[in-house]
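J.: Please find protein.txt (compact mmCIF, C-alpha atoms) on the next line:
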```
# COMPACT_ATOMS: atom_id res chain seq x y z
CA ARG A 1 -6.43 -9.80 -11.16
CA GLY A 2 -5.19 -6.40 -10.05
CA ALA A 3 -1.77 -7.86 -9.32
CA LEU A 4 -1.73 -9.51 -12.74
CA LEU A 5 -2.64 -6.30 -14.57
CA LEU A 6 0.02 -4.45 -12.59
CA ALA A 7 2.54 -7.14 -13.54
CA LEU A 8 1.88 -6.56 -17.25
CA MET A 9 2.13 -2.80 -16.87
CA TRP A 10 5.28 -3.20 -14.81
CA TRP A 11 6.98 -5.53 -17.27
CA SER A 12 6.30 -3.23 -20.20
CA TRP A 13 7.85 -0.37 -18.20
CA THR A 14 10.85 -2.28 -16.87
CA ASN A 15 11.77 -3.43 -20.38
CA TRP A 16 11.96 0.20 -21.43
CA THR A 17 14.19 0.86 -18.42
CA TRP A 18 16.65 -1.70 -19.72
CA THR A 19 16.35 -0.28 -23.21
CA THR A 20 17.05 3.31 -22.20
CA ASN A 21 19.98 2.02 -20.19
CA VAL A 22 21.89 1.39 -23.42
CA VAL A 23 20.18 3.58 -26.03
CA ASP A 24 21.26 7.11 -26.88
CA LEU A 25 18.16 9.29 -26.53
CA GLU A 26 19.62 12.22 -28.45
CA PRO A 27 18.79 11.04 -32.02
CA ARG A 28 15.34 12.24 -33.01
CA ILE A 29 14.34 8.86 -34.40
CA THR A 30 14.87 7.35 -30.95
CA ARG A 31 12.76 10.04 -29.34
CA VAL A 32 10.01 9.42 -31.90
CA ALA A 33 10.11 5.70 -31.06
CA VAL A 34 9.76 6.42 -27.33
CA LEU A 35 6.83 8.76 -27.96
CA ALA A 36 5.22 6.26 -30.34
CA SER A 37 5.34 3.59 -27.65
CA MET A 38 3.16 5.85 -25.50
CA LEU A 39 0.23 5.00 -27.79
CA GLY A 40 0.41 1.47 -26.46
CA VAL A 41 0.65 2.72 -22.89
CA PHE A 42 -2.50 4.82 -23.32
CA GLY A 43 -4.29 1.84 -24.85
CA MET A 44 -3.33 -0.34 -21.90
CA ALA A 45 -4.38 2.33 -19.41
CA PHE A 46 -7.83 2.75 -20.94
CA ALA A 47 -8.38 -1.01 -21.09
CA VAL A 48 -7.30 -1.76 -17.50
CA PRO A 49 -10.71 -1.19 -15.80
CA THR A 50 -12.52 -3.55 -18.18
CA ALA A 51 -9.71 -5.89 -19.19
CA PHE A 52 -11.50 -8.91 -17.70
CA GLU A 53 -14.88 -7.79 -19.01
CA GLY A 54 -14.23 -7.97 -22.74
CA ASP A 55 -11.43 -5.48 -23.36
CA GLY A 56 -8.51 -7.81 -22.68
CA LEU A 57 -7.48 -7.82 -26.34
CA TRP A 58 -7.10 -4.03 -26.35
CA LEU A 59 -4.78 -4.22 -23.36
CA ALA A 60 -2.85 -7.07 -24.98
CA LEU A 61 -2.42 -5.15 -28.23
CA GLY A 62 -1.15 -2.13 -26.32
CA TYR A 63 1.31 -4.40 -24.51
CA LEU A 64 2.43 -5.88 -27.83
CA TRP A 65 2.94 -2.41 -29.31
CA VAL A 66 5.08 -1.23 -26.39
CA ARG A 67 7.17 -4.41 -26.30
CA LEU A 68 7.83 -4.53 -30.06
CA ILE A 69 9.02 -0.92 -30.21
CA ALA A 70 11.22 -1.40 -27.13
CA ALA A 71 12.69 -4.58 -28.64
CA ALA A 72 13.44 -2.88 -31.96
CA VAL A 73 15.10 0.09 -30.24
CA PHE A 74 17.02 -2.26 -27.95
CA VAL A 75 18.46 -4.35 -30.78
CA HIS A 76 19.25 -1.24 -32.84
CA ALA A 77 21.09 0.39 -29.92
CA ALA A 78 23.10 -2.75 -29.12
CA ARG A 79 24.04 -3.65 -32.70
CA HIS A 80 27.61 -2.27 -32.45
CA ASP A 81 28.37 -3.89 -29.06
CA PRO A 82 28.78 -7.68 -29.40
CA THR A 83 28.49 -8.30 -25.65
CA GLU A 84 25.32 -6.26 -25.30
CA LEU A 85 23.83 -7.70 -28.48
CA ARG A 86 24.41 -11.27 -27.29
CA ALA A 87 22.67 -10.46 -24.02
CA VAL A 88 19.70 -8.85 -25.77
CA LEU A 89 19.28 -11.74 -28.22
CA LYS A 90 19.46 -14.26 -25.39
CA TYR A 91 16.56 -12.58 -23.62
CA LEU A 92 14.27 -11.28 -26.35
CA PRO A 93 13.06 -14.40 -28.26
CA LEU A 94 11.42 -16.07 -25.27
CA SER A 95 10.18 -12.75 -23.91
CA LEU A 96 8.51 -11.85 -27.22
CA ALA A 97 6.97 -15.33 -27.29
CA ALA A 98 5.42 -14.51 -23.91
CA THR A 99 4.09 -11.29 -25.44
CA GLY A 100 2.39 -13.42 -28.09
CA VAL A 101 0.78 -15.48 -25.35
CA VAL A 102 -0.57 -12.26 -23.80
CA VAL A 103 -2.22 -11.43 -27.13
CA ILE A 104 -3.65 -14.95 -27.40
CA GLY A 105 -5.12 -14.56 -23.92
CA GLY A 106 -6.70 -11.26 -24.88
CA ALA A 107 -8.22 -12.82 -27.99
CA VAL A 108 -9.57 -15.85 -26.10
CA GLY A 109 -10.99 -13.81 -23.20
CA GLY A 110 -13.46 -15.26 -20.73
CA GLU A 111 -12.47 -17.22 -17.66
CA ALA A 112 -9.34 -18.53 -19.38
CA LEU A 113 -7.91 -15.03 -19.80
CA GLN A 114 -6.35 -14.62 -16.38
CA TRP A 115 -4.73 -18.06 -16.46
CA ILE A 116 -3.28 -17.50 -19.93
CA TRP A 117 -1.83 -14.20 -18.74
CA VAL A 118 -0.41 -15.88 -15.64
CA ALA A 119 1.28 -18.38 -17.97
CA ALA A 120 2.58 -15.53 -20.12
CA PHE A 121 4.09 -13.76 -17.12
CA CYS A 122 5.73 -17.01 -16.00
CA ILE A 123 7.33 -17.25 -19.46
CA GLU A 124 8.53 -13.66 -19.04
CA LEU A 125 10.18 -14.63 -15.76
CA LEU A 126 11.80 -17.62 -17.47
CA ALA A 127 13.12 -15.29 -20.18
CA ALA A 128 14.54 -13.02 -17.47
CA ALA A 129 16.24 -16.01 -15.84
CA LEU A 130 17.75 -17.02 -19.18
CA GLY A 131 18.77 -13.49 -20.10
CA GLY A 132 20.40 -13.00 -16.72
CA GLN A 133 23.02 -15.59 -17.62
CA ALA A 134 24.53 -13.14 -20.11
CA ASP A 135 26.82 -10.21 -19.35
CA TRP A 136 24.97 -6.89 -19.27
CA LYS A 137 26.28 -3.36 -19.05
CA VAL A 138 24.13 -1.53 -16.53
CA ASP A 139 24.23 2.12 -15.49
CA ALA A 140 23.64 1.94 -11.72
CA GLY A 141 22.61 5.59 -11.45
CA HIS A 142 20.07 5.20 -14.27
CA PHE A 143 18.42 2.18 -12.66
CA ALA A 144 18.34 3.70 -9.19
CA ALA A 145 16.89 7.00 -10.41
CA ARG A 146 14.19 5.46 -12.64
CA HIS A 147 12.96 2.99 -10.05
CA GLY A 148 13.08 5.58 -7.29
CA LEU A 149 10.90 7.93 -9.35
CA ASN A 150 8.45 5.09 -9.97
CA LEU A 151 8.14 4.49 -6.24
CA ILE A 152 7.53 8.18 -5.62
CA ILE A 153 4.67 8.12 -8.14
CA ALA A 154 3.15 5.08 -6.40
CA LEU A 155 3.50 6.71 -2.97
CA GLY A 156 1.76 9.78 -4.37
CA GLU A 157 -1.19 7.50 -5.12
CA CYS A 158 -1.36 6.69 -1.41
CA ILE A 159 -1.67 10.38 -0.58
CA ILE A 160 -4.39 10.74 -3.22
CA ALA A 161 -6.21 7.73 -1.73
CA VAL A 162 -6.20 9.35 1.70
CA GLY A 163 -7.53 12.60 0.24
CA ILE A 164 -10.29 10.85 -1.72
CA ALA A 165 -11.43 8.88 1.32
CA LEU A 166 -11.45 11.84 3.72
CA ASN A 167 -13.09 14.14 1.20
CA GLU A 168 -16.35 12.40 2.06
CA PHE A 169 -16.40 13.93 5.55
CA SER A 170 -16.63 17.40 7.08
CA ILE A 171 -13.47 18.95 8.45
CA ASP A 172 -13.09 18.49 12.21
CA PRO A 173 -10.34 17.48 14.70
CA SER A 174 -11.01 13.77 14.17
CA LEU A 175 -10.61 14.15 10.41
CA SER A 176 -7.36 16.05 10.92
CA ILE A 177 -6.00 13.19 13.01
CA GLN A 178 -6.94 10.64 10.34
CA LEU A 179 -5.25 12.76 7.70
CA ALA A 180 -2.10 13.00 9.82
CA VAL A 181 -2.09 9.24 10.41
CA GLY A 182 -2.51 8.50 6.72
CA LEU A 183 0.32 10.84 5.75
CA ALA A 184 2.53 9.47 8.54
CA GLY A 185 2.06 5.96 7.15
CA VAL A 186 3.02 7.09 3.65
CA CYS A 187 6.05 8.92 5.06
CA ALA A 188 7.12 5.73 6.85
CA LEU A 189 6.89 3.82 3.57
CA TRP A 190 8.95 6.54 1.89
CA TRP A 191 11.54 6.39 4.66
CA ALA A 192 11.84 2.62 4.38
CA TYR A 193 13.11 2.99 0.81
CA PHE A 194 14.76 6.37 0.46
CA ASP A 195 16.54 6.79 3.79
CA ARG A 196 19.17 4.14 3.04
CA LEU A 197 17.95 1.29 0.92
CA GLN A 198 18.02 3.14 -2.41
CA GLU A 199 21.68 4.03 -1.91
CA VAL A 200 22.48 0.51 -0.71
CA MET A 201 21.07 -1.03 -3.89
CA GLU A 202 22.72 1.50 -6.19
CA SER A 203 26.12 0.99 -4.53
CA ALA A 204 25.87 -2.78 -4.80
CA LEU A 205 25.05 -2.52 -8.50
CA ARG A 206 27.87 -0.06 -9.07
CA LEU A 207 30.41 -2.37 -7.42
CA ALA A 208 29.24 -5.61 -9.08
CA ASP A 209 31.54 -7.18 -11.67
CA GLU A 210 30.59 -7.55 -15.33
CA HIS A 211 29.26 -11.09 -14.84
CA GLU A 212 27.06 -10.19 -11.85
CA THR A 213 25.75 -6.78 -12.91
CA GLY A 214 22.90 -8.03 -15.09
CA ARG A 215 21.71 -10.62 -12.60
CA LEU A 216 21.79 -8.13 -9.73
CA ALA A 217 19.89 -5.47 -11.73
CA ARG A 218 17.33 -8.07 -12.78
CA ASP A 219 16.79 -9.41 -9.25
CA VAL A 220 16.87 -6.19 -7.25
CA TYR A 221 15.19 -3.82 -9.69
CA SER A 222 13.12 -5.64 -12.33
CA LEU A 223 11.86 -8.42 -10.05
CA LEU A 224 11.89 -7.20 -6.45
CA HIS A 225 10.60 -3.72 -7.21
CA TYR A 226 7.39 -5.21 -8.57
CA PRO A 227 6.19 -6.47 -5.13
CA MET A 228 7.26 -3.12 -3.67
CA ILE A 229 5.04 -1.26 -6.15
CA ALA A 230 2.24 -3.79 -5.68
CA GLY A 231 2.52 -3.34 -1.91
CA ILE A 232 2.12 0.42 -2.23
CA VAL A 233 -0.90 0.04 -4.53
CA PHE A 234 -2.57 -2.45 -2.18
CA TYR A 235 -1.77 -0.22 0.80
CA ALA A 236 -3.47 2.71 -0.95
CA VAL A 237 -6.58 0.63 -1.66
CA ALA A 238 -6.76 -0.70 1.92
CA LEU A 239 -6.15 2.76 3.39
CA GLU A 240 -8.90 4.32 1.28
CA GLU A 241 -11.40 1.62 2.25
CA ALA A 242 -10.46 1.84 5.94
CA PHE A 243 -10.89 5.61 6.02
CA LEU A 244 -14.21 5.47 4.16
CA HIS A 245 -15.56 3.46 7.13
CA PRO A 246 -13.23 4.60 9.93
CA ASP A 247 -15.39 3.52 12.87
CA ASP A 248 -16.12 0.02 11.57
CA PRO A 249 -13.80 -2.92 12.25
CA MET A 250 -11.19 -3.67 9.61
CA GLU A 251 -12.11 -7.09 8.27
CA GLY A 252 -12.49 -9.15 5.13
CA VAL A 253 -10.58 -8.22 2.02
CA VAL A 254 -9.52 -4.83 3.45
CA ALA A 255 -7.74 -6.48 6.37
CA VAL A 256 -6.07 -9.01 4.08
CA LEU A 257 -4.98 -6.27 1.66
CA PHE A 258 -3.54 -4.19 4.49
CA VAL A 259 -1.37 -7.05 5.76
CA VAL A 260 -0.39 -8.25 2.28
CA ALA A 261 0.56 -4.71 1.32
CA SER A 262 2.89 -4.32 4.30
CA ALA A 263 4.41 -7.74 3.70
CA LEU A 264 5.01 -7.21 -0.02
CA TYR A 265 6.62 -3.81 0.46
CA LEU A 266 8.82 -4.48 3.51
CA LEU A 267 9.79 -8.09 2.82
CA ALA A 268 10.73 -7.36 -0.80
CA GLN A 269 13.04 -4.64 0.51
CA ALA A 270 14.53 -7.05 3.04
CA VAL A 271 15.21 -9.56 0.28
CA ALA A 272 16.75 -6.82 -1.87
CA ALA A 273 19.14 -5.83 0.95
CA TRP A 274 20.10 -9.49 1.43
CA ARG A 275 20.64 -9.89 -2.32
CA CYS A 276 22.91 -6.85 -2.39
CA TRP A 277 25.00 -7.36 0.73
CA GLY A 278 23.86 -10.57 2.45
CA THR A 279 22.47 -8.54 5.37
CA TYR A 280 19.26 -9.41 7.19
CA LEU A 281 16.80 -6.59 7.88
CA TYR A 282 14.99 -8.58 10.53
CA GLU A 283 13.31 -5.47 11.94
CA ARG A 284 11.13 -5.39 8.83
CA VAL A 285 10.18 -9.05 9.21
CA ILE A 286 9.22 -8.44 12.85
CA GLY A 287 7.29 -5.32 11.85
CA VAL A 288 5.23 -7.23 9.28
CA ALA A 289 4.49 -9.98 11.83
CA VAL A 290 3.33 -7.45 14.43
CA ILE A 291 1.07 -5.68 11.90
CA ALA A 292 -0.45 -9.02 10.88
CA VAL A 293 -1.21 -9.87 14.52
CA LEU A 294 -2.69 -6.41 15.13
CA VAL A 295 -5.01 -6.63 12.14
CA ALA A 296 -6.07 -10.20 12.91
CA ALA A 297 -6.63 -9.75 16.65
CA TRP A 298 -7.95 -6.20 16.93
CA ASP A 299 -11.69 -5.86 16.41
CA GLY A 300 -11.74 -2.12 17.08
CA ALA A 301 -12.26 0.73 14.64
CA ALA A 302 -10.36 0.60 11.36
CA LYS A 303 -8.85 4.05 11.99
CA ASP A 304 -7.33 2.75 15.25
CA VAL A 305 -5.86 -0.28 13.49
CA VAL A 306 -4.29 2.01 10.88
CA LEU A 307 -2.89 4.23 13.67
CA ALA A 308 -1.39 1.28 15.55
CA SER A 309 0.10 -0.17 12.36
CA THR A 310 1.58 3.21 11.45
CA ILE A 311 3.24 3.38 14.87
CA VAL A 312 4.67 -0.10 14.25
CA LEU A 313 6.04 1.04 10.87
CA ILE A 314 7.70 4.09 12.41
CA ALA A 315 9.13 2.02 15.28
CA THR A 316 10.46 -0.52 12.77
CA MET A 317 12.27 2.11 10.73
CA THR A 318 13.60 3.79 13.88
CA ALA A 319 15.01 0.55 15.29
CA GLU A 320 16.66 -0.26 11.98
CA TYR A 321 18.16 3.22 11.74
CA PHE A 322 19.83 2.96 15.14
CA ARG A 323 21.20 -0.50 14.33
CA PHE A 324 22.93 0.67 11.15
CA ARG A 325 23.75 4.33 11.68
CA ALA A 326 27.39 3.64 12.62
CA ARG A 327 28.08 0.99 9.99
CA ILE A 328 29.69 2.89 7.15
CA ARG A 329 32.79 1.84 5.26
CA GLY A 330 34.26 4.75 3.37
CA ASP A 331 31.69 6.20 0.99
CA VAL A 332 29.94 2.88 0.42
CA PRO A 333 26.82 2.29 2.53
CA GLU A 334 26.50 -1.16 4.01
CA ALA A 335 23.13 -2.82 4.47
```
Would you mind writing the file's structure down as structure tokens?

T.:
Amino acid sequence: RGALLLALMWWSWTNWTWTTNVVDLEPRITRVAVLASMLGVFGMAFAVPTAFEGDGLWLALGYLWVRLIAAAVFVHAARHDPTELRAVLKYLPLSLAATGVVVIGGAVGGEALQWIWVAAFCIELLAAALGGQADWKVDAGHFAARHGLNLIIALGECIIAVGIALNEFSIDPSLSIQLAVGLAGVCALWWAYFDRLQEVMESALRLADEHETGRLARDVYSLLHYPMIAGIVFYAVALEEAFLHPDDPMEGVVAVLFVVASALYLLAQAVAAWRCWGTYLYERVIGVAVIAVLVAAWDGAAKDVVLASTIVLIATMTAEYFRFRARIRGDVPEA
């Protein structure tokens, strides 16, 4: 359910990323529209904790509000560019139909709610597949910057999670070590994206031709960044729970979340690199496998499992760095 709620929040945001890619934000009416859409964002945010307990319609109405304003601004901004307008009109009808399904799910509620929203998100993905067949004009720098900032915000949540968990205990050397381990893990996640991958993705998008640009932006940014964000969120939850009970074994849902988080984040990045340049980041696949084995086989304290997994993350990024540090062609980074 958490992943589903995040998917709705993510899709409302990523649609605005595409919108602001083509819209001129200088006119005051456009700025008013962007600010007005924030009403829907606040509504969604307030409804998230109780969306499956009776407030699903409020979240759905907030989603509808955000999507309708973004769609109106998008069409208005593209009206003088036939190529862009064709692309927008190829994507929007089915996507807005999915938005209607989200509202229906919110109105129905109950046990059916989550399955209706799953269906709605599947329709959104189908709309993205259809829209990707058109030619889009994409500003590579805009996409890279917006998605990078989003990842930084999510990584900040990891740091907050560590602080919340460790705030329960008195300051001592053991607590300092846990804090250092938690921050080292977050730094490794940051490194995995910002050391090279962000530039790799931006360069690939910048060099893509007019027929490939939209599909590449859709795949690498709108689709593959969702599991990256979800991975960070799950990692934060697992880290907080592990540090709240540091001397107990990591088991149950916490262990599953910890492995799933690592897999979502690192494997989505590996797929993104392959999508951009056809290069295999097998170090990340090996790293995820080792972390999964560690979590499954180690019945020691949760803090020790987190430490060992953090070492694996750092070793993974180090091995990858040494494999690629000499592979540069001109000013274009190669995955």

J.: Any idea what's packed within 10 Å of stretch 177-186 of chain A, counting all atoms listed in the file, ignoring anything in its chain fewer than 2 positions away? Could you give it as a ChimeraX atom specification?

T.: /A:155-159,161-163,165-166,172-175,188-192,232,235-236,239-240,243,246,303-304,306-314

J.: I'd like the contact shell of A:Val32 - 12 Å cut-off, all atoms listed in the file, skipping same-chain residues fewer than 6 positions apart - returned as a PyMOL selection string.

T.: chain A and resi 25-26+38-39+69-70+73

J.: Which residues are near A:Ala47? Cut-off 10 Å, only C-alpha atoms, ignore same chain within fewer than 3 positions. Put them as a list in words.

T.: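 Near A:Ala47, the qualifying residues are Val41, Phe42, Gly43, Met44, Thr50, Ala51, Phe52, Glu53, Gly54, Asp55, Gly56, Leu57, Trp58, Leu59, Ala60 and Gly62 of chain A.
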
J.: Could you tell me how far atom CA of A:Ala33 lies from atom CA of A:Leu126, in Å and to one decimal?

T.: 27.0 Å

J.: Which of these residues is nearest to A:Trp13, using only C-alpha atoms: A:Tyr226, A:Trp298, A:Tyr321, A:Trp277?

T.: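 Using only C-alpha atoms, the shortest distance to A:Trp13 belongs to A:Tyr226.
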
J.: Kindly indicate which residue among A:Arg206, A:His80, A:Arg215, A:Arg196 lies nearest to A:Ala134, using all atoms listed in the file for the distances.

T.: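 Using all atoms listed in the file, the shortest distance to A:Ala134 belongs to A:Arg215.
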
J.: So that I can check the surroundings of A:Trp16, please list as a list in words every protein, DNA and RNA residue that reaches within 9 Å of it, counting all atoms listed in the file and ignoring chain neighbours fewer than 6 positions away.

T.: Val34, Val66, Arg67, Ala70, Ala71 and Phe74 of chain A

J.: At what distance in Å, to one decimal, does atom CA of A:Ala273 lie from atom CA of A:Val200?

T.: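 A separation of 7.4 Å between them.
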
J.: Would you mind telling me which residue in A:Leu281, A:Leu61, A:Val22, A:Ala128 lies nearest to A:Gly105 when using all atoms listed in the file?

T.: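 Residue with the minimum atom-to-atom distance to A:Gly105: A:Leu61.
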
J.: What separation in Å, quoted to one decimal, exists between atom CA of A:Ser222 and atom CA of A:Leu96?

T.: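 Going from atom CA of A:Ser222 over to atom CA of A:Leu96 covers 16.8 Å.
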
J.: Do you know which residues are at most 9 Å from stretch 284-296 of chain A counting all atoms listed in the file, after dropping those on the same chain fewer than 2 positions away, and could you put them as a ChimeraX atom specification?

T.: /A:250-251,255-256,258-260,262-263,266-267,269-270,281-282,298-299,305-306,308-310,312-313,315-317,320

J.: Go through A:Trp117, A:Ala204, A:Val23, A:Leu130 and flag the residue nearest A:Gly278, using only C-alpha atoms for the distances.

T.: A:Ala204

J.: Nearest residue to A:Phe169 out of A:Arg28, A:His76, A:His147, A:His245, using only C-alpha atoms?

T.: A:His245

J.: Smallest atom-to-atom distance to A:Phe324: which of A:Ala208, A:Asp195, A:Leu89, A:Gln133, using all atoms listed in the file?

T.: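 Smallest distance to A:Phe324 is found for A:Asp195.
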
J.: Could you add whatever atoms are missing so that stretch 68-78 of chain A carries all heavy atoms, then write the result as a PDB file, in the coordinates of the input?

T.:
```
ATOM      1  N   LEU A  68       7.179  -4.439 -28.750  1.00  0.00           N
ATOM      2  CA  LEU A  68       7.830  -4.530 -30.060  1.00  0.00           C
ATOM      3  C   LEU A  68       8.704  -3.310 -30.332  1.00  0.00           C
ATOM      4  O   LEU A  68       9.829  -3.440 -30.843  1.00  0.00           O
ATOM      5  CB  LEU A  68       6.792  -4.691 -31.161  1.00  0.00           C
ATOM      6  CG  LEU A  68       6.099  -6.054 -31.251  1.00  0.00           C
ATOM      7  CD1 LEU A  68       5.072  -6.041 -32.380  1.00  0.00           C
ATOM      8  CD2 LEU A  68       7.119  -7.168 -31.471  1.00  0.00           C
ATOM      9  N   ILE A  69       8.216  -2.128 -29.989  1.00  0.00           N
ATOM     10  CA  ILE A  69       9.020  -0.920 -30.210  1.00  0.00           C
ATOM     11  C   ILE A  69      10.248  -0.944 -29.312  1.00  0.00           C
ATOM     12  O   ILE A  69      11.368  -0.636 -29.751  1.00  0.00           O
ATOM     13  CB  ILE A  69       8.182   0.343 -29.950  1.00  0.00           C
ATOM     14  CG1 ILE A  69       7.083   0.465 -31.008  1.00  0.00           C
ATOM     15  CG2 ILE A  69       9.066   1.586 -29.958  1.00  0.00           C
ATOM     16  CD1 ILE A  69       6.181   1.666 -30.826  1.00  0.00           C
ATOM     17  N   ALA A  70      10.076  -1.326 -28.050  1.00  0.00           N
ATOM     18  CA  ALA A  70      11.220  -1.400 -27.130  1.00  0.00           C
ATOM     19  C   ALA A  70      12.248  -2.406 -27.636  1.00  0.00           C
ATOM     20  O   ALA A  70      13.462  -2.159 -27.592  1.00  0.00           O
ATOM     21  CB  ALA A  70      10.754  -1.780 -25.731  1.00  0.00           C
ATOM     22  N   ALA A  71      11.776  -3.557 -28.137  1.00  0.00           N
ATOM     23  CA  ALA A  71      12.690  -4.580 -28.640  1.00  0.00           C
ATOM     24  C   ALA A  71      13.467  -4.077 -29.853  1.00  0.00           C
ATOM     25  O   ALA A  71      14.685  -4.286 -29.960  1.00  0.00           O
ATOM     26  CB  ALA A  71      11.904  -5.839 -29.000  1.00  0.00           C
ATOM     27  N   ALA A  72      12.773  -3.400 -30.765  1.00  0.00           N
ATOM     28  CA  ALA A  72      13.440  -2.880 -31.960  1.00  0.00           C
ATOM     29  C   ALA A  72      14.493  -1.839 -31.592  1.00  0.00           C
ATOM     30  O   ALA A  72      15.619  -1.854 -32.118  1.00  0.00           O
ATOM     31  CB  ALA A  72      12.404  -2.274 -32.907  1.00  0.00           C
ATOM     32  N   VAL A  73      14.151  -0.938 -30.681  1.00  0.00           N
ATOM     33  CA  VAL A  73      15.100   0.090 -30.240  1.00  0.00           C
ATOM     34  C   VAL A  73      16.276  -0.547 -29.518  1.00  0.00           C
ATOM     35  O   VAL A  73      17.437  -0.146 -29.690  1.00  0.00           O
ATOM     36  CB  VAL A  73      14.392   1.123 -29.341  1.00  0.00           C
ATOM     37  CG1 VAL A  73      15.402   2.095 -28.726  1.00  0.00           C
ATOM     38  CG2 VAL A  73      13.347   1.890 -30.132  1.00  0.00           C
ATOM     39  N   PHE A  74      15.984  -1.561 -28.712  1.00  0.00           N
ATOM     40  CA  PHE A  74      17.020  -2.260 -27.950  1.00  0.00           C
ATOM     41  C   PHE A  74      18.046  -2.911 -28.875  1.00  0.00           C
ATOM     42  O   PHE A  74      19.257  -2.745 -28.719  1.00  0.00           O
ATOM     43  CB  PHE A  74      16.362  -3.313 -27.057  1.00  0.00           C
ATOM     44  CG  PHE A  74      17.098  -3.578 -25.764  1.00  0.00           C
ATOM     45  CD1 PHE A  74      16.469  -4.264 -24.740  1.00  0.00           C
ATOM     46  CD2 PHE A  74      18.403  -3.147 -25.569  1.00  0.00           C
ATOM     47  CE1 PHE A  74      17.127  -4.518 -23.538  1.00  0.00           C
ATOM     48  CE2 PHE A  74      19.061  -3.386 -24.382  1.00  0.00           C
ATOM     49  CZ  PHE A  74      18.427  -4.082 -23.365  1.00  0.00           C
ATOM     50  N   VAL A  75      17.556  -3.664 -29.846  1.00  0.00           N
ATOM     51  CA  VAL A  75      18.460  -4.350 -30.780  1.00  0.00           C
ATOM     52  C   VAL A  75      19.248  -3.329 -31.601  1.00  0.00           C
ATOM     53  O   VAL A  75      20.457  -3.489 -31.822  1.00  0.00           O
ATOM     54  CB  VAL A  75      17.655  -5.280 -31.716  1.00  0.00           C
ATOM     55  CG1 VAL A  75      18.560  -5.845 -32.813  1.00  0.00           C
ATOM     56  CG2 VAL A  75      17.030  -6.419 -30.907  1.00  0.00           C
ATOM     57  N   HIS A  76      18.574  -2.278 -32.041  1.00  0.00           N
ATOM     58  CA  HIS A  76      19.250  -1.240 -32.840  1.00  0.00           C
ATOM     59  C   HIS A  76      20.363  -0.572 -32.021  1.00  0.00           C
ATOM     60  O   HIS A  76      21.462  -0.332 -32.541  1.00  0.00           O
ATOM     61  CB  HIS A  76      18.227  -0.202 -33.281  1.00  0.00           C
ATOM     62  CG  HIS A  76      18.822   0.909 -34.102  1.00  0.00           C
ATOM     63  ND1 HIS A  76      19.179   0.745 -35.426  1.00  0.00           N
ATOM     64  CD2 HIS A  76      19.133   2.204 -33.776  1.00  0.00           C
ATOM     65  CE1 HIS A  76      19.681   1.883 -35.885  1.00  0.00           C
ATOM     66  NE2 HIS A  76      19.660   2.783 -34.905  1.00  0.00           N
ATOM     67  N   ALA A  77      20.096  -0.293 -30.754  1.00  0.00           N
ATOM     68  CA  ALA A  77      21.090   0.390 -29.920  1.00  0.00           C
ATOM     69  C   ALA A  77      22.276  -0.509 -29.591  1.00  0.00           C
ATOM     70  O   ALA A  77      23.395  -0.019 -29.416  1.00  0.00           O
ATOM     71  CB  ALA A  77      20.431   0.868 -28.630  1.00  0.00           C
ATOM     72  N   ALA A  78      22.038  -1.829 -29.526  1.00  0.00           N
ATOM     73  CA  ALA A  78      23.100  -2.750 -29.120  1.00  0.00           C
ATOM     74  C   ALA A  78      23.855  -3.354 -30.307  1.00  0.00           C
ATOM     75  O   ALA A  78      24.779  -4.144 -30.111  1.00  0.00           O
ATOM     76  CB  ALA A  78      22.501  -3.888 -28.280  1.00  0.00           C
TER      77      ALA A  78
END
```
